[in-house]
>>> print(open('structure-v5.cif').read())   # mmCIF, C-alpha atoms
data_protein
#
loop_
_atom_site.label_atom_id
_atom_site.label_comp_id
_atom_site.auth_asym_id
_atom_site.auth_seq_id
_atom_site.Cartn_x
_atom_site.Cartn_y
_atom_site.Cartn_z
CA MET A 1005 118.54 68.02 96.62
CA LYS A 1006 115.12 69.11 95.43
CA ASN A 1007 113.82 68.96 99.02
CA LEU A 1008 116.75 71.02 100.25
CA LEU A 1009 116.04 73.68 97.66
CA SER A 1010 112.35 73.63 98.57
CA THR A 1011 113.08 74.08 102.26
CA THR A 1012 115.57 76.83 101.54
CA ALA A 1013 113.02 78.63 99.37
CA LEU A 1014 110.44 78.23 102.12
CA LEU A 1015 112.84 79.75 104.65
CA VAL A 1016 113.44 82.75 102.42
CA VAL A 1017 109.72 83.29 101.84
CA LEU A 1018 108.90 82.99 105.52
CA SER A 1019 111.75 85.27 106.48
CA PHE A 1020 110.65 88.04 104.17
CA SER A 1021 106.92 87.74 104.79
CA GLY A 1022 107.41 87.46 108.53
CA ALA A 1023 109.75 90.41 108.57
CA ALA A 1024 107.37 92.51 106.51
CA ILE A 1025 104.55 91.88 108.93
CA ALA A 1026 106.45 91.68 112.21
CA HIS A 1027 108.69 94.65 111.68
CA ALA A 1028 105.68 96.90 111.06
CA ASP A 1029 107.06 99.54 113.39
CA GLY A 1030 107.17 102.43 110.98
CA GLN A 1031 110.75 101.80 109.93
CA VAL A 1032 111.68 102.19 106.32
CA LYS A 1033 114.16 100.32 104.20
CA ASP A 1034 116.07 102.21 101.54
CA GLY A 1035 113.78 105.18 102.17
CA VAL A 1036 110.65 103.23 101.20
CA PRO A 1037 108.20 101.97 103.83
CA SER A 1038 106.79 98.48 103.31
CA TYR A 1039 103.22 98.14 102.10
CA MET A 1040 102.24 96.85 105.55
CA ASP A 1041 103.90 99.81 107.26
CA GLU A 1042 101.89 102.09 104.98
CA ALA A 1043 98.64 100.38 105.90
CA ILE A 1044 99.38 100.42 109.62
CA THR A 1045 100.10 104.15 109.55
CA LYS A 1046 96.52 104.66 108.32
CA LEU A 1047 95.13 103.06 111.47
CA PRO A 1048 94.32 105.09 114.58
CA GLU A 1049 97.46 105.31 116.74
CA LYS A 1050 96.03 103.08 119.48
CA ASP A 1051 95.13 100.36 116.97
CA ALA A 1052 98.43 100.68 115.12
CA THR A 1053 100.36 100.29 118.37
CA GLN A 1054 98.29 97.26 119.39
CA PHE A 1055 98.78 95.70 115.96
CA ARG A 1056 102.54 96.26 116.01
CA ASP A 1057 102.86 94.94 119.57
CA THR A 1058 100.93 91.76 118.75
CA MET A 1059 103.02 91.08 115.66
CA LYS A 1060 106.23 91.85 117.55
CA GLN A 1061 105.31 89.24 120.17
CA ALA A 1062 104.85 86.63 117.42
CA HIS A 1063 108.15 87.63 115.87
CA GLU A 1064 109.92 87.24 119.23
CA LYS A 1065 108.26 83.85 119.73
CA ASN A 1066 109.50 82.79 116.28
CA MET A 1067 113.00 84.06 116.98
CA ALA A 1068 113.07 81.89 120.10
CA ILE A 1069 112.58 78.77 117.96
CA SER A 1070 114.76 79.90 115.08
CA SER A 1071 117.73 78.11 116.66
CA GLN A 1072 115.91 74.87 115.77
CA VAL A 1073 115.88 75.96 112.13
CA HIS A 1074 119.61 76.61 112.18
CA ALA A 1075 120.35 73.31 113.91
CA LEU A 1076 118.19 71.38 111.42
CA HIS A 1077 119.90 73.08 108.49
CA ASP A 1078 123.27 72.13 110.00
CA ASP A 1079 122.06 68.54 110.36
CA ILE A 1080 120.83 68.48 106.76
CA ASP A 1081 124.13 69.93 105.56
CA GLY A 1082 125.96 67.18 107.44
CA ILE A 1083 123.79 64.53 105.84
CA MET A 1084 124.36 66.03 102.40
CA VAL A 1085 128.15 66.01 102.65
CA ALA A 1086 128.51 62.67 104.47
CA LYS A 1087 130.46 59.95 102.74
CA THR A 1088 127.27 57.89 102.56
CA PHE A 1089 123.98 59.69 102.01
CA ASP A 1090 121.33 58.66 104.57
CA LYS A 1091 118.06 59.16 102.74
CA GLU A 1092 115.89 58.35 105.76
CA ALA A 1093 117.76 60.77 108.01
CA PHE A 1094 117.52 63.46 105.34
CA LEU A 1095 113.77 62.95 104.99
CA ALA A 1096 113.28 62.93 108.77
CA LYS A 1097 115.24 66.18 109.24
CA SER A 1098 113.42 67.77 106.30
CA GLU A 1099 110.07 66.82 107.82
CA LYS A 1100 111.11 68.27 111.18
CA LEU A 1101 112.24 71.45 109.44
CA ARG A 1102 108.84 71.76 107.73
CA GLU A 1103 107.16 71.31 111.12
CA VAL A 1104 109.22 74.10 112.68
CA TYR A 1105 108.49 76.40 109.74
CA GLN A 1106 104.80 75.55 110.07
CA GLU A 1107 104.94 76.40 113.77
CA MET A 1108 106.50 79.76 112.94
CA ARG A 1109 103.88 80.45 110.27
CA THR A 1110 101.10 79.46 112.67
CA ASN A 1111 102.48 81.85 115.30
CA THR A 1112 102.47 84.68 112.77
CA ASP A 1113 99.01 83.84 111.42
CA GLU A 1114 97.51 83.58 114.91
CA ALA A 1115 99.02 86.90 115.95
CA PHE A 1116 97.81 88.56 112.76
CA ALA A 1117 94.30 87.16 113.27
CA SER A 1118 94.27 88.33 116.90
CA ALA A 1119 95.42 91.79 115.92
CA ALA A 1120 92.94 92.01 113.02
CA ALA A 1121 90.09 90.89 115.28
CA GLN A 1122 90.60 94.06 117.32
CA LEU A 1123 90.11 96.29 114.28
CA SER A 1124 86.94 97.64 112.75
CA GLN A 1125 85.74 96.46 109.36
CA LYS A 1126 87.03 99.67 107.76
CA GLU A 1127 90.46 99.18 109.31
CA ARG A 1128 90.57 95.55 108.19
CA LYS A 1129 89.72 96.68 104.66
CA THR A 1130 92.72 99.01 104.79
CA LEU A 1131 94.96 96.08 105.71
CA ALA A 1132 93.39 93.81 103.09
CA THR A 1133 94.04 96.42 100.41
CA ALA A 1134 97.64 96.82 101.55
CA MET A 1135 98.19 93.07 101.60
CA ALA A 1136 96.77 92.67 98.09
CA TYR A 1137 98.98 95.36 96.59
CA PRO A 1138 102.20 93.31 96.16
CA HIS A 1139 100.24 90.36 94.81
CA ASP A 1140 98.43 92.58 92.32
CA LYS A 1141 101.76 94.01 91.14
CA ARG A 1142 103.17 90.50 90.64
CA LYS A 1143 100.07 89.48 88.67
CA GLU A 1144 100.47 92.53 86.44
CA ALA A 1145 104.15 91.76 85.89
CA ALA A 1146 103.38 88.14 85.02
CA LYS A 1147 100.75 89.20 82.49
CA SER A 1148 103.14 91.57 80.73
CA GLN A 1149 105.79 88.87 80.22
#
>>> encode(input="structure-v5.cif", output="structure tokens")
Amino acid sequence: MKNLLSTTALLVVLSFSGAAIAHADGQVKDGVPSYMDEAITKLPEKDATQFRDTMKQAHEKNMAISSQVHALHDDIDGIMVAKTFDKEAFLAKSEKLREVYQEMRTNTDEAFASAAAQLSQKERKTLATAMAYPHDKRKEAAKSQ
């Protein structure tokens, strides 16, 4: 059960982080642009377009393999509710699920690195600052608790 919760948490994290980066197309949610959208709007239009296009390609590549994620979750659900729990099957499916998530993360990281490589140092600093912002806010919140 602990592994199932871990993989579910990983899915949620990857979904949100991937969406934040990949959907960097200037759209806003609830009237507030994401921190990455804000950073990308500070880039020259040509660079912003290239960055968005590269990340969109990675997102599309990940969506093409997302059916594997759904199928593996269905398999894990079946193992969990079976009359007899098959520990080895559960562990094998969980491992495969981690591999698919890793593939998705690698696709996103490679696309981000390719897009960032096309930017100047100043533009990369803009992105680094934007990427640090949510982490800095979480650190501040943790300190105040």
>>> resolve_selection(input="structure-v5.cif", expression="the PyMOL selection byres ((chain A and resi 1077) around 10)", output="list in words")
Leu1008, Thr1011, Thr1012, Ser1071, Gln1072, Val1073, His1074, Ala1075, Leu1076, Asp1078, Asp1079, Ile1080, Asp1081, Gly1082, Ile1083, Lys1097, Ser1098 and Leu1101 of chain A
>>> atom_distance(input="structure-v5.cif", atom1="CA of Asn1066 in chain A", atom2="CA of Tyr1105 in chain A")
9.2 Å
>>> atom_distance(input="structure-v5.cif", atom1="CA of Ala1134 in chain A", atom2="CA of Ala1052 in chain A")
14.1 Å
>>> resolve_selection(input="structure-v5.cif", expression="the PyMOL selection byres ((chain A and resi 1109-1121) around 6)", output="MDAnalysis selection string")
chainID A and resid 1055 1058:1059 1062 1106:1108 1122:1123
>>> atom_distance(input="structure-v5.cif", atom1="CA of Met1040 in chain A", atom2="CA of Met1135 in chain A")
6.8 Å
>>> axis_aligned_box(input="structure-v5.cif", around="range 1072-1083 of chain A", padding_each_side="6 Å", output="AutoDock Vina command-line options")
--center_x 120.9 --center_y 70.6 --center_z 110.7 --size_x 22.1 --size_y 24.1 --size_z 22.2
>>> build_atoms(input="structure-v5.cif", residues="range 1111-1131 of chain A", atoms="N, CA and C atoms", output="CSV table (one decimal), in the coordinates of the input")
chain,number,residue,atom,x,y,z
A,1111,ASN,N,102.3,80.8,114.3
A,1111,ASN,CA,102.5,81.8,115.3
A,1111,ASN,C,102.2,83.2,114.7
A,1112,THR,N,102.7,83.4,113.5
A,1112,THR,CA,102.5,84.7,112.8
A,1112,THR,C,101.0,84.8,112.4
A,1113,ASP,N,100.4,83.8,111.8
A,1113,ASP,CA,99.0,83.8,111.4
A,1113,ASP,C,98.1,84.1,112.6
A,1114,GLU,N,98.3,83.4,113.7
A,1114,GLU,CA,97.5,83.6,114.9
A,1114,GLU,C,97.6,85.0,115.5
A,1115,ALA,N,98.8,85.5,115.5
A,1115,ALA,CA,99.0,86.9,116.0
A,1115,ALA,C,98.3,87.9,115.0
A,1116,PHE,N,98.5,87.7,113.7
A,1116,PHE,CA,97.8,88.6,112.8
A,1116,PHE,C,96.3,88.5,112.9
A,1117,ALA,N,95.7,87.3,113.1
A,1117,ALA,CA,94.3,87.2,113.3
A,1117,ALA,C,93.8,87.8,114.6
A,1118,SER,N,94.6,87.7,115.6
A,1118,SER,CA,94.3,88.3,116.9
A,1118,SER,C,94.3,89.8,116.8
A,1119,ALA,N,95.3,90.3,116.1
A,1119,ALA,CA,95.4,91.8,115.9
A,1119,ALA,C,94.3,92.3,115.0
A,1120,ALA,N,94.0,91.6,114.0
A,1120,ALA,CA,92.9,92.0,113.0
A,1120,ALA,C,91.6,92.0,113.7
A,1121,ALA,N,91.4,91.0,114.6
A,1121,ALA,CA,90.1,90.9,115.3
A,1121,ALA,C,89.8,92.1,116.1
A,1122,GLN,N,90.8,92.9,116.5
A,1122,GLN,CA,90.6,94.1,117.3
A,1122,GLN,C,90.3,95.3,116.5
A,1123,LEU,N,90.3,95.2,115.2
A,1123,LEU,CA,90.1,96.3,114.3
A,1123,LEU,C,88.7,96.3,113.8
A,1124,SER,N,88.3,97.5,113.4
A,1124,SER,CA,86.9,97.6,112.8
A,1124,SER,C,87.0,97.1,111.3
A,1125,GLN,N,85.8,96.9,110.7
A,1125,GLN,CA,85.7,96.5,109.4
A,1125,GLN,C,86.5,97.4,108.4
A,1126,LYS,N,86.3,98.7,108.6
A,1126,LYS,CA,87.0,99.7,107.8
A,1126,LYS,C,88.5,99.5,107.9
A,1127,GLU,N,89.0,99.3,109.1
A,1127,GLU,CA,90.5,99.2,109.3
A,1127,GLU,C,91.0,97.9,108.7
A,1128,ARG,N,90.2,96.8,108.8
A,1128,ARG,CA,90.6,95.6,108.2
A,1128,ARG,C,90.6,95.7,106.7
A,1129,LYS,N,89.7,96.5,106.1
A,1129,LYS,CA,89.7,96.7,104.7
A,1129,LYS,C,91.0,97.4,104.2
A,1130,THR,N,91.5,98.3,105.1
A,1130,THR,CA,92.7,99.0,104.8
A,1130,THR,C,93.9,98.0,104.7
A,1131,LEU,N,93.9,97.1,105.7
A,1131,LEU,CA,95.0,96.1,105.7
A,1131,LEU,C,94.8,95.1,104.5
